[in-house]
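Next up, start-v4.cif (mmCIF, C-alpha atoms):
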data_structure
#
loop_
_atom_site.label_atom_id
_atom_site.label_comp_id
_atom_site.auth_asym_id
_atom_site.auth_seq_id
_atom_site.Cartn_x
_atom_site.Cartn_y
_atom_site.Cartn_z
CA MET P 1 -11.63 68.13 157.87
CA SER P 2 -8.82 70.04 159.54
CA SER P 3 -8.42 73.73 158.84
CA ALA P 4 -4.94 73.03 157.54
CA THR P 5 -6.38 71.57 154.35
CA THR P 6 -8.96 74.31 153.68
CA GLN P 7 -6.63 77.21 152.94
CA LEU P 8 -6.46 76.62 149.19
CA HIS P 9 -9.30 76.66 146.71
CA ASP P 10 -7.52 75.99 143.43
CA SER P 11 -4.24 74.61 142.17
CA GLN P 12 -2.90 77.71 140.39
CA VAL P 13 0.60 78.72 141.42
CA PRO P 14 0.40 82.25 142.94
CA LEU P 15 2.86 83.89 140.55
CA ILE P 16 4.41 87.21 141.55
CA ASP P 17 3.15 90.24 139.64
CA LYS P 18 5.73 91.62 137.21
CA ASP P 19 5.26 95.09 138.66
CA SER P 20 5.94 94.00 142.24
CA ARG P 21 8.38 96.00 144.33
CA TYR P 22 10.98 94.35 146.56
CA GLY P 23 12.75 95.38 149.73
CA ALA P 24 14.88 94.16 152.61
CA LEU P 25 13.15 91.69 154.93
CA GLU P 26 11.63 93.09 158.10
CA LYS P 27 10.34 91.35 161.21
CA LYS P 28 6.66 92.13 161.70
CA ILE P 29 5.64 89.64 164.39
CA GLN P 30 6.57 91.49 167.56
CA THR P 31 4.08 89.97 170.04
CA SER P 32 1.85 86.92 170.27
CA GLU P 33 -1.09 89.15 169.31
CA ASP P 34 0.50 89.64 165.87
CA LEU P 35 -0.03 85.97 165.04
CA GLU P 36 -3.69 86.55 164.14
CA SER P 37 -2.68 89.42 161.84
CA PHE P 38 -0.10 87.10 160.27
CA ARG P 39 -2.83 84.60 159.38
CA GLN P 40 -4.63 87.33 157.42
CA THR P 41 -1.66 88.17 155.19
CA ILE P 42 -0.75 87.31 151.61
CA ALA P 43 2.46 85.83 153.00
CA TYR P 44 0.53 83.31 155.10
CA ASP P 45 -1.62 82.31 152.12
CA ARG P 46 1.46 81.72 149.99
CA LEU P 47 3.06 79.60 152.70
CA GLN P 48 -0.15 77.58 152.91
CA PHE P 49 0.00 76.97 149.17
CA LEU P 50 3.52 75.63 149.49
CA ILE P 51 2.58 73.37 152.42
CA ASN P 52 -0.73 72.03 151.10
CA VAL P 53 0.01 71.82 147.38
CA THR P 54 3.71 71.96 146.55
CA LEU P 55 5.02 69.86 149.46
CA SER P 56 1.93 67.68 149.74
CA ARG P 57 -0.27 67.04 146.71
CA LEU P 58 2.57 67.49 144.24
CA VAL P 59 4.77 64.80 145.82
CA MET P 60 2.12 62.18 146.63
CA GLY P 61 3.12 58.68 145.63
CA ILE P 62 6.55 59.70 144.33
CA LYS P 63 9.94 58.35 145.40
CA THR P 64 12.72 60.84 146.09
CA PRO P 65 15.02 60.76 143.03
CA SER P 66 18.65 59.90 143.58
CA SER P 67 20.04 62.22 140.90
CA MET P 68 19.17 65.01 138.46
CA GLU P 69 18.69 62.48 135.67
CA GLY P 70 15.38 63.07 133.95
CA LEU P 71 14.68 66.26 135.89
CA SER P 72 14.13 69.72 134.46
CA HIS P 73 17.12 71.94 133.68
CA GLY P 74 15.14 74.69 135.36
CA ILE P 75 16.13 73.51 138.84
CA SER P 76 19.85 73.35 138.08
CA GLY P 77 20.43 76.85 139.47
CA ILE P 78 19.10 76.09 142.95
CA VAL P 79 20.82 72.68 142.90
CA LYS P 80 24.16 74.37 142.19
CA ILE P 81 23.60 76.64 145.19
CA LEU P 82 22.98 73.61 147.42
CA GLU P 83 26.01 71.84 145.96
CA ARG P 84 28.22 74.84 146.78
CA MET P 85 26.90 74.83 150.35
CA THR P 86 27.77 71.13 150.60
CA GLU P 87 31.28 71.70 149.25
CA LYS P 88 31.87 74.32 151.92
CA VAL P 89 30.78 71.96 154.70
CA GLU P 90 33.20 69.35 153.47
CA SER P 91 36.12 71.77 153.22
CA ILE P 92 35.73 73.70 156.51
CA GLN P 93 36.77 71.60 159.48
CA PRO P 94 35.48 72.10 163.05
CA ALA P 95 37.61 74.28 165.30
CA GLU P 96 39.60 72.39 167.90
CA GLY P 97 38.85 72.61 171.59
CA PRO P 98 36.19 71.28 173.96
CA ARG P 99 32.70 72.54 173.19
CA ARG P 100 29.40 70.95 174.07
CA PHE P 101 27.35 72.74 171.42
CA GLY P 102 28.02 75.06 168.53
CA ASN P 103 31.46 74.82 166.99
CA VAL P 104 32.60 78.31 165.96
CA ALA P 105 33.74 77.00 162.57
CA PHE P 106 30.05 77.17 161.65
CA ARG P 107 30.44 80.93 161.42
CA GLN P 108 33.23 80.54 158.87
CA TRP P 109 30.99 78.23 156.85
CA PHE P 110 28.14 80.74 157.08
CA GLU P 111 30.34 83.63 155.94
CA GLU P 112 31.78 81.73 152.99
CA VAL P 113 28.34 80.56 151.89
CA GLN P 114 27.08 84.13 152.09
CA HIS P 115 30.05 85.39 150.06
CA GLU P 116 29.74 82.78 147.30
CA VAL P 117 26.06 81.90 147.13
CA CYS P 118 24.42 85.33 147.08
CA PRO P 119 26.00 86.16 143.68
CA MET P 120 24.76 82.77 142.46
CA ILE P 121 21.21 83.81 143.35
CA ASP P 122 21.67 86.99 141.33
CA GLU P 123 22.84 84.96 138.33
CA LEU P 124 19.95 82.54 138.69
CA LEU P 125 17.48 85.42 138.47
CA LYS P 126 19.22 86.87 135.41
CA ASP P 127 19.38 83.52 133.63
CA SER P 128 15.69 82.86 134.26
CA LYS P 129 14.73 86.41 133.16
CA CYS P 130 13.27 87.19 136.57
CA PRO P 131 13.52 90.61 138.26
CA VAL P 132 16.97 90.91 139.83
CA GLU P 133 15.47 93.29 142.40
CA ALA P 134 13.95 90.24 144.11
CA ALA P 135 17.47 89.16 145.11
CA VAL P 136 17.38 91.31 148.25
CA GLU P 137 14.53 89.22 149.62
CA LEU P 138 15.89 85.88 148.39
CA HIS P 139 19.29 86.57 149.99
CA GLY P 140 17.58 87.09 153.33
CA TYR P 141 15.60 83.87 153.13
CA LEU P 142 18.56 81.77 152.02
CA LEU P 143 20.82 83.11 154.78
CA GLY P 144 17.99 82.63 157.26
CA SER P 145 17.81 78.96 156.28
CA LEU P 146 21.41 78.20 157.27
CA GLY P 147 21.00 78.39 161.06
CA SER P 148 21.75 81.14 163.55
CA TYR P 149 25.14 82.82 163.14
CA GLU P 150 24.90 84.26 166.66
CA ARG P 151 23.40 81.37 168.64
CA LEU P 152 24.99 78.51 166.70
CA ASP P 153 21.68 76.67 166.49
CA TYR P 154 19.17 75.42 163.92
CA GLY P 155 15.43 74.79 164.11
CA THR P 156 12.12 74.95 162.29
CA GLY P 157 12.30 78.72 161.88
CA HIS P 158 15.38 78.23 159.70
CA GLU P 159 13.65 75.40 157.85
CA LEU P 160 10.75 77.81 157.24
CA SER P 161 13.18 80.31 155.71
CA PHE P 162 14.27 77.74 153.15
CA LEU P 163 10.63 77.09 152.32
CA ALA P 164 10.31 80.84 151.64
CA PHE P 165 13.53 80.88 149.57
CA PHE P 166 12.33 77.96 147.47
CA GLY P 167 8.82 79.39 147.27
CA GLY P 168 10.08 82.80 146.20
CA LEU P 169 12.03 81.31 143.32
CA TYR P 170 9.07 79.10 142.45
CA PHE P 171 6.54 81.95 142.41
CA LEU P 172 8.88 84.13 140.36
CA GLY P 173 9.16 81.37 137.76
CA ALA P 174 12.91 81.06 138.32
CA LEU P 175 12.70 77.26 138.63
CA ASN P 176 10.82 76.76 135.36
CA ASP P 177 12.59 75.16 132.42
CA GLN P 178 12.46 77.87 129.77
CA SER P 179 14.06 75.52 127.23
CA SER P 180 11.27 72.97 127.58
CA SER P 181 8.86 72.54 124.69
CA ARG P 182 5.98 71.44 126.89
CA GLU P 183 3.22 73.95 127.48
CA ASP P 184 3.41 73.66 131.27
CA LYS P 185 6.95 74.49 132.36
CA GLY P 186 6.23 74.19 136.08
CA LEU P 187 7.82 71.92 138.63
CA THR P 188 7.06 68.22 139.01
CA GLY P 189 6.95 66.38 142.31
CA LYS P 190 10.27 64.69 141.61
CA GLU P 191 11.96 68.05 141.20
CA VAL P 192 10.53 69.37 144.45
CA LEU P 193 11.68 66.25 146.27
CA TYR P 194 15.19 66.46 144.83
CA ILE P 195 15.59 70.10 145.87
CA PHE P 196 14.43 69.49 149.44
CA LYS P 197 16.46 66.31 149.72
CA ARG P 198 19.62 68.25 148.84
CA TYR P 199 18.76 70.96 151.37
CA PHE P 200 17.99 68.54 154.21
CA ASN P 201 21.18 66.59 153.50
CA VAL P 202 23.47 69.63 153.64
CA ILE P 203 21.85 70.92 156.82
CA ARG P 204 22.20 67.52 158.49
CA LYS P 205 25.90 67.62 157.62
CA VAL P 206 26.15 71.11 159.14
CA ILE P 207 24.30 70.13 162.32
CA LYS P 208 26.43 67.07 162.87
CA LYS P 209 29.80 68.55 161.90
CA TYR P 210 29.44 71.82 163.80
CA THR P 211 27.27 70.38 166.62
CA LEU P 212 24.57 73.00 166.22
CA GLU P 213 22.21 73.30 169.17
CA PRO P 214 18.46 72.85 168.69
CA ALA P 215 16.78 76.24 168.33
CA GLY P 216 14.38 76.98 171.17
CA SER P 217 14.06 75.30 174.53
CA HIS P 218 12.25 72.37 172.93
CA GLY P 219 14.05 72.31 169.62
CA VAL P 220 11.42 71.84 166.94
CA TRP P 221 8.58 72.38 169.42
CA GLY P 222 7.33 68.95 168.52
CA LEU P 223 8.75 66.27 166.28
CA ASP P 224 12.52 66.31 166.70
CA ASP P 225 15.26 68.76 167.58
CA HIS P 226 15.47 70.48 164.21
CA PHE P 227 12.98 69.56 161.47
CA HIS P 228 9.30 69.29 160.63
CA LEU P 229 8.88 69.69 156.87
CA ALA P 230 10.92 66.57 156.12
CA TYR P 231 8.33 64.48 157.93
CA LEU P 232 5.41 66.28 156.30
CA ILE P 233 6.86 65.73 152.83
CA GLY P 234 7.67 62.07 153.47
CA ALA P 235 4.19 61.39 154.88
CA ALA P 236 2.69 62.94 151.73
CA GLN P 237 4.82 60.66 149.55
CA LEU P 238 3.47 57.60 151.36
CA ARG P 239 -0.07 58.94 151.54
CA GLY P 240 -0.23 58.93 147.75
CA ILE P 241 0.74 55.27 147.60
CA GLU P 242 -1.71 54.38 150.35
CA GLU P 243 -4.60 56.15 148.62
CA ALA P 244 -3.77 54.60 145.24
CA ASN P 245 -3.88 51.10 146.75
CA GLU P 246 -6.54 51.45 149.40
CA GLY P 247 -8.57 54.52 148.43
CA LEU P 248 -8.09 56.14 151.82
CA GLY P 249 -8.69 59.78 152.62
CA SER P 250 -8.73 61.20 149.10
CA ALA P 251 -12.04 62.96 149.69
CA GLU P 252 -10.54 64.86 152.59
CA ILE P 253 -7.78 66.54 150.66
CA SER P 254 -9.82 67.13 147.51
CA SER P 255 -13.04 68.62 148.84
CA THR P 256 -11.75 72.20 148.63
CA ALA P 257 -8.75 71.74 146.34
CA PRO P 258 -9.65 69.18 143.64
CA MET P 259 -6.92 66.72 142.75
CA PRO P 260 -6.28 66.53 139.01
CA PRO P 261 -6.30 63.06 137.42
CA PRO P 262 -3.01 61.20 137.87
CA ASP P 263 -0.55 61.94 135.07
CA ILE P 264 1.58 58.86 134.53
CA SER P 265 3.90 60.79 132.23
CA GLY P 266 5.24 62.69 135.22
CA LYS P 267 5.08 65.99 133.31
CA SER P 268 2.15 67.72 134.98
CA SER P 269 3.13 70.51 137.36
CA ILE P 270 0.31 69.72 139.79
CA SER P 271 -0.26 65.98 139.74
CA MET P 272 0.60 62.77 141.53
CA THR P 273 2.86 61.63 138.66
CA MET P 274 2.14 57.97 139.40
CA ALA P 275 -0.16 55.37 137.97
CA PRO P 276 -2.98 54.09 140.19
CA GLY P 277 -1.76 51.06 142.08
CA ALA P 278 1.92 52.04 141.88
CA THR P 279 3.90 51.05 144.94
CA ILE P 280 7.23 51.50 146.60
CA PRO P 281 9.33 48.45 145.71
CA PRO P 282 9.07 45.80 148.42
CA ILE P 283 11.74 45.72 151.10
CA ASN P 284 14.41 43.42 149.81
CA GLY P 285 17.86 42.07 150.40
CA SER P 286 19.13 40.84 153.77
CA HIS P 287 16.41 42.78 155.64
CA LYS P 288 13.50 40.96 154.00
CA LYS P 289 13.09 38.39 156.76
CA LYS P 290 12.91 41.13 159.37
CA LYS P 291 9.62 42.54 158.07
CA LYS P 292 6.48 42.15 160.11
CA GLU P 293 2.91 42.36 158.88
CA SER P 294 2.36 45.20 161.34
CA GLU P 295 5.18 47.18 159.71
CA VAL P 296 4.68 46.68 155.96
CA THR P 297 1.46 46.34 153.92
CA TYR P 298 0.77 43.50 151.50
CA TYR P 299 1.70 45.82 148.63
CA GLY P 300 5.09 46.71 150.08
CA MET P 301 4.42 50.09 151.71
CA PRO P 302 5.83 50.69 155.22
CA ARG P 303 3.32 51.52 157.91
CA PRO P 304 4.01 54.33 160.42
CA SER P 305 5.21 51.72 162.92
CA ALA P 306 8.00 50.67 160.53
CA VAL P 307 10.22 53.51 161.77
CA LEU P 308 11.00 51.37 164.81
CA ASN P 309 12.65 48.80 162.53
CA ARG P 310 16.08 50.18 161.66
CA ALA P 311 16.50 47.71 158.81
CA ILE P 312 13.43 49.12 157.06
CA VAL P 313 14.56 52.69 157.79
CA ASP P 314 17.92 51.96 156.15
CA ASP P 315 16.15 50.48 153.11
CA LEU P 316 13.87 53.47 152.58
CA LYS P 317 15.90 56.48 153.70
CA ASP P 318 17.10 57.30 150.17
CA GLU P 319 13.64 57.28 148.60
CA ASN P 320 11.39 58.77 151.26
CA GLU P 321 11.97 61.95 153.29
CA TYR P 322 10.15 60.73 156.42
CA PHE P 323 12.45 57.73 156.68
CA ALA P 324 15.48 59.88 155.82
CA ALA P 325 14.64 62.09 158.81
CA ILE P 326 14.21 59.05 161.05
CA ALA P 327 17.57 57.68 159.85
CA PHE P 328 19.23 60.93 160.95
CA ILE P 329 17.69 60.56 164.40
CA TYR P 330 19.12 57.06 164.69
CA ASP P 331 22.48 58.49 163.63
CA VAL P 332 22.63 61.23 166.27
CA LYS P 333 20.50 59.91 169.14
CA ARG P 334 21.15 57.12 171.60
CA GLY P 335 18.81 55.17 173.83
CA PRO P 336 15.24 53.90 173.41
CA PHE P 337 13.30 55.60 170.61
CA PHE P 338 10.30 56.32 172.83
CA GLU P 339 12.55 58.26 175.21
CA HIS P 340 14.48 60.50 172.81
CA SER P 341 11.63 60.95 170.28
CA PRO P 342 8.33 60.63 172.17
CA ILE P 343 6.09 62.41 169.66
CA LEU P 344 7.49 60.47 166.71
CA TYR P 345 7.00 57.34 168.78
CA ASP P 346 3.35 58.27 169.34
CA ILE P 347 2.91 58.58 165.56
CA THR P 348 3.90 54.91 165.14
CA GLY P 349 0.48 54.04 166.53
CA VAL P 350 -1.42 56.05 163.89
CA PRO P 351 -3.16 53.61 161.50
CA SER P 352 -2.63 55.39 158.16
CA TRP P 353 -0.31 57.82 156.39
CA CYS P 354 -3.36 59.89 155.45
CA LYS P 355 -3.95 60.60 159.14
CA VAL P 356 -0.24 61.15 159.76
CA HIS P 357 0.06 63.64 156.91
CA THR P 358 -3.10 65.54 157.84
CA GLY P 359 -1.94 65.69 161.45
CA LEU P 360 1.50 66.97 160.49
CA ILE P 361 0.00 69.84 158.47
CA LYS P 362 -2.21 70.77 161.40
CA MET P 363 0.77 70.50 163.75
CA TYR P 364 2.95 72.68 161.48
CA ASN P 365 0.33 75.41 161.45
CA ALA P 366 0.00 75.26 165.23
CA GLU P 367 3.56 74.59 166.40
CA VAL P 368 5.60 76.43 163.76
CA LEU P 369 3.50 79.07 161.99
CA GLY P 370 1.42 79.55 165.12
CA LYS P 371 4.24 79.72 167.67
CA PHE P 372 5.60 83.18 168.45
CA PRO P 373 9.11 81.99 169.46
CA VAL P 374 9.49 80.43 166.00
CA VAL P 375 7.90 82.91 163.58
CA GLN P 376 9.04 86.07 165.36
CA HIS P 377 12.28 85.77 163.37
CA PHE P 378 10.58 85.35 159.98
CA GLY P 379 11.17 88.26 157.63
CA PHE P 380 8.62 89.87 155.33
CA GLY P 381 9.55 91.71 152.15
CA LEU P 382 7.44 93.70 149.72
CA GLY P 383 7.09 91.20 146.89
CA LEU P 384 7.55 87.52 147.74
CA PHE P 385 5.94 87.13 151.18
CA PRO P 386 4.50 90.56 151.98
CA TRP P 387 2.85 91.63 155.23
CA LYS P 388 -0.29 92.67 153.40
CA ARG P 389 -3.87 91.68 154.05
CA LYS P 390 -5.16 89.21 151.49
#

Is it possible to give me this structure as structure tokens?
Amino acid sequence: MSSATTQLHDSQVPLIDKDSRYGALEKKIQTSEDLESFRQTIAYDRLQFLINVTLSRLVMGIKTPSSMEGLSHGISGIVKILERMTEKVESIQPAEGPRRFGNVAFRQWFEEVQHEVCPMIDELLKDSKCPVEAAVELHGYLLGSLGSYERLDYGTGHELSFLAFFGGLYFLGALNDQSSSREDKGLTGKEVLYIFKRYFNVIRKVIKKYTLEPAGSHGVWGLDDHFHLAYLIGAAQLRGIEEANEGLGSAEISSTAPMPPPDISGKSSISMTMAPGATIPPINGSHKKKKKESEVTYYGMPRPSAVLNRAIVDDLKDENEYFAAIAFIYDVKRGPFFEHSPILYDITGVPSWCKVHTGLIKMYNAEVLGKFPVVQHFGFGLGLFPWKRK
């Protein structure tokens, strides 16, 4: 079993202590030697919880919801923030003039988001009865998730900042539905998927509209120019379906972090929220004849190789985050897939989503959390993701 799946030993959300102090984010990773110290911190453990439980086990076997219908009122605050960011993208037009990368209108968008969204974070904390002092750290993570104001680029370091923003709110309890009568007021997989879908969508609009450059000399240092978590989440979604139908790989993920029994009600905060044997609806419509046995299983689930079939990608992009990320690549890239996306092309030869998902966690730890050029920009506060030994 890979080390990426051995970080967590239970499924309890690491809630923030009520007496925690908060402070402005500071960069602590100054050299490559600091990476080992980083792995020994509380911050690293909390990030591992988000990666291995919240973005993986919690979303297994679940389709990305298309709307807020049926979701907890507790996530409405963060959804409103993402909606405001989207409105600003749609209203601020690119500056005129020839530019290869990085339209300067991005900076106007960034400034207006900062001006309008930071007060919304403060209100979200007040409404959820969470310590407003945590806002100083949450502001930093949210602004860090927008892209670089100076370099006009976006990459996995910015994506990591959104994970910290979301995780901070999650650990504080700010995303819980206080009006709910159920004993467990925590998030469901559908709610996690909806939040990240809204974030990925607005950032894709920003990248395309303001032609943001990939951050770093190799962009994402792996999968594509900008993202990694979208693929990890989408692979987890499909892994759950695969395991429910074929019984693959479940022992690997559960040996150190036991998977609770599936809760078909969809109300458990740490569950697959699907019945055993549930499947993604079969590919349908005009694309049905274009399926191949090598691309789709007998129970209707796409195989990793299905990303090379644009008809299947179009069918599944709204319900799975892996295919949504692939659809964006097709939208912005030209030429043969194996040329512009060689690592994603290599993944098409992997036989199961269990192996894909496990590999993507391992790759995230190595190529994002373990790469100095990426995590050197990550900020550490005093309360949410502290630079303290665990």

Could you state the separation of atom CA of Tyr199 of chain P and atom CA of Lys80 of chain P in Å, given to one decimal place?
11.2 Å

Using the chain letters and residue numbers of this document, give as a ChimeraX atom specification the residues selected by the PyMOL selection byres ((chain P and resi 77) around 9).
/P:73-76,78-82,120-121,123-124,127,174-175

Apply the PyMOL selection byres ((chain P and resi 236) around 8) to the displayed file and report the matching residues as a tab-separated table (two decimals) with C-alpha atoms, keeping the file's coordinate frame.
chain	number	residue	atom	x	y	z
P	55	LEU	CA	5.02	69.86	149.46
P	56	SER	CA	1.93	67.68	149.74
P	57	ARG	CA	-0.27	67.04	146.71
P	59	VAL	CA	4.77	64.80	145.82
P	60	MET	CA	2.12	62.18	146.63
P	61	GLY	CA	3.12	58.68	145.63
P	232	LEU	CA	5.41	66.28	156.30
P	233	ILE	CA	6.86	65.73	152.83
P	234	GLY	CA	7.67	62.07	153.47
P	235	ALA	CA	4.19	61.39	154.88
P	237	GLN	CA	4.82	60.66	149.55
P	238	LEU	CA	3.47	57.60	151.36
P	239	ARG	CA	-0.07	58.94	151.54
P	240	GLY	CA	-0.23	58.93	147.75
P	353	TRP	CA	-0.31	57.82	156.39
P	354	CYS	CA	-3.36	59.89	155.45
P	357	HIS	CA	0.06	63.64	156.91

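Run against this file, the PyMOL selection byres ((chain P and resi 331-336) around 12) gives back Arg204, Lys205, Ile207, Lys208, Lys209, Thr211, Leu212, Asp224, Asp225, His226, Leu308, Arg310, Val313, Asp314, Ala324, Ala325, Ile326, Ala327, Phe328, Ile329, Tyr330, Phe337, Phe338, Glu339, His340, Ser341, Pro342 and Tyr345 of chain P.
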
Only C-alpha atoms, please: the residues just picked out, written as a PDB file, in the frame of the given file.
ATOM      1  CA  ARG P 204      22.200  67.520 158.490  1.00  0.00           C
ATOM      2  CA  LYS P 205      25.900  67.620 157.620  1.00  0.00           C
ATOM      3  CA  ILE P 207      24.300  70.130 162.320  1.00  0.00           C
ATOM      4  CA  LYS P 208      26.430  67.070 162.870  1.00  0.00           C
ATOM      5  CA  LYS P 209      29.800  68.550 161.900  1.00  0.00           C
ATOM      6  CA  THR P 211      27.270  70.380 166.620  1.00  0.00           C
ATOM      7  CA  LEU P 212      24.570  73.000 166.220  1.00  0.00           C
ATOM      8  CA  ASP P 224      12.520  66.310 166.700  1.00  0.00           C
ATOM      9  CA  ASP P 225      15.260  68.760 167.580  1.00  0.00           C
ATOM     10  CA  HIS P 226      15.470  70.480 164.210  1.00  0.00           C
ATOM     11  CA  LEU P 308      11.000  51.370 164.810  1.00  0.00           C
ATOM     12  CA  ARG P 310      16.080  50.180 161.660  1.00  0.00           C
ATOM     13  CA  VAL P 313      14.560  52.690 157.790  1.00  0.00           C
ATOM     14  CA  ASP P 314      17.920  51.960 156.150  1.00  0.00           C
ATOM     15  CA  ALA P 324      15.480  59.880 155.820  1.00  0.00           C
ATOM     16  CA  ALA P 325      14.640  62.090 158.810  1.00  0.00           C
ATOM     17  CA  ILE P 326      14.210  59.050 161.050  1.00  0.00           C
ATOM     18  CA  ALA P 327      17.570  57.680 159.850  1.00  0.00           C
ATOM     19  CA  PHE P 328      19.230  60.930 160.950  1.00  0.00           C
ATOM     20  CA  ILE P 329      17.690  60.560 164.400  1.00  0.00           C
ATOM     21  CA  TYR P 330      19.120  57.060 164.690  1.00  0.00           C
ATOM     22  CA  PHE P 337      13.300  55.600 170.610  1.00  0.00           C
ATOM     23  CA  PHE P 338      10.300  56.320 172.830  1.00  0.00           C
ATOM     24  CA  GLU P 339      12.550  58.260 175.210  1.00  0.00           C
ATOM     25  CA  HIS P 340      14.480  60.500 172.810  1.00  0.00           C
ATOM     26  CA  SER P 341      11.630  60.950 170.280  1.00  0.00           C
ATOM     27  CA  PRO P 342       8.330  60.630 172.170  1.00  0.00           C
ATOM     28  CA  TYR P 345       7.000  57.340 168.780  1.00  0.00           C
TER      29      TYR P 345
END

When you look at Ala105 of chain P with a cut-off of 8 Å (counting only C-alpha atoms), what residues show up, excluding the ones that are within fewer than 3 positions of it in the same chain? I need them as number ranges by chain.
P: 92-95, 108-109, 210

How many Å lie between atom CA of Glu319 of chain P and atom CA of Lys197 of chain P, rounded to one decimal?
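Separation between atom CA of Glu319 of chain P and atom CA of Lys197 of chain P: 9.5 Å.
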
Could you check which of P:Pro119, P:Leu193, P:His228, P:His139 is closest to Lys362 of chain P, using all atoms listed in the file?
P:His228

List as a list in words the protein and nucleic acid residues near Phe227 of chain P, meaning an atom at most 9 Å away when all atoms listed in the file are counted, but skip any in the same chain fewer than 4 places from it.
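Final neighbour list, sorted by chain and number: Tyr154, Gly155, Thr156, Glu159, Phe200, Gly219, Val220, Leu223, Tyr231 and Ala325 of chain P.
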
Mind pulling up the distance from atom CA of Leu142 of chain P to atom CA of Glu111 of chain P?
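Atom CA of Leu142 of chain P lies at a distance of 12.6 Å from atom CA of Glu111 of chain P.
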
As a ChimeraX atom specification, please: the residues near Leu146 of chain P (cut-off 10 Å, all atoms listed in the file, same-chain neighbours under 2 positions excluded).
/P:85,106,109-110,113-114,141-144,148-149,153-155,158-159,161-162,199,202-203,206-207

With all atoms listed in the file as the counted atoms, please give the residues lying no more than 9 Å from Arg46 of chain P, apart from itself and same-chain residues fewer than 5 positions off, as a PyMOL selection string.
chain P and resi 14+41+51+167+384-385

Can you list every residue of segment 25-111 of chain P that has an atom at most 10 Å from segment 376-380 of chain P, with its nearest atom pair and the distance in Å to one decimal, using all atoms listed in the file, ordered by chain then number, as JSON lines?
{"residue": "P:Leu25", "atom": "CA", "partner": "P:Gly379", "partner_atom": "CA", "distance": 4.8}
{"residue": "P:Glu26", "atom": "CA", "partner": "P:Gly379", "partner_atom": "CA", "distance": 4.9}
{"residue": "P:Lys27", "atom": "CA", "partner": "P:Gly379", "partner_atom": "CA", "distance": 4.8}
{"residue": "P:Lys28", "atom": "CA", "partner": "P:Phe380", "partner_atom": "CA", "distance": 7.0}
{"residue": "P:Ile29", "atom": "CA", "partner": "P:Gln376", "partner_atom": "CA", "distance": 5.0}
{"residue": "P:Gln30", "atom": "CA", "partner": "P:Gln376", "partner_atom": "CA", "distance": 6.3}
{"residue": "P:Thr31", "atom": "CA", "partner": "P:Gln376", "partner_atom": "CA", "distance": 7.9}
{"residue": "P:Ser32", "atom": "CA", "partner": "P:Gln376", "partner_atom": "CA", "distance": 8.7}
{"residue": "P:Asp34", "atom": "CA", "partner": "P:Gln376", "partner_atom": "CA", "distance": 9.3}
{"residue": "P:Leu35", "atom": "CA", "partner": "P:Gln376", "partner_atom": "CA", "distance": 9.1}
{"residue": "P:Ala43", "atom": "CA", "partner": "P:Phe380", "partner_atom": "CA", "distance": 7.7}

Which of these, P:Lys63, P:Tyr22, P:Thr297, P:Glu213, has the shortest distance to Asn245 of chain P once you count only C-alpha atoms?
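Nearest candidate to Asn245 of chain P out of P:Lys63, P:Tyr22, P:Thr297, P:Glu213: P:Thr297.
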
Can you find the residues with an atom no farther than 10 Å from (9.3, 82.1, 141.2), counting only C-alpha atoms, and report them as a list in words?
Val13, Pro14, Leu15, Ile16, Leu125, Ser128, Cys130, Pro131, Ala134, Phe165, Phe166, Gly167, Gly168, Leu169, Tyr170, Phe171, Leu172, Gly173, Ala174, Leu175, Asn176, Gly186 and Leu384 of chain P
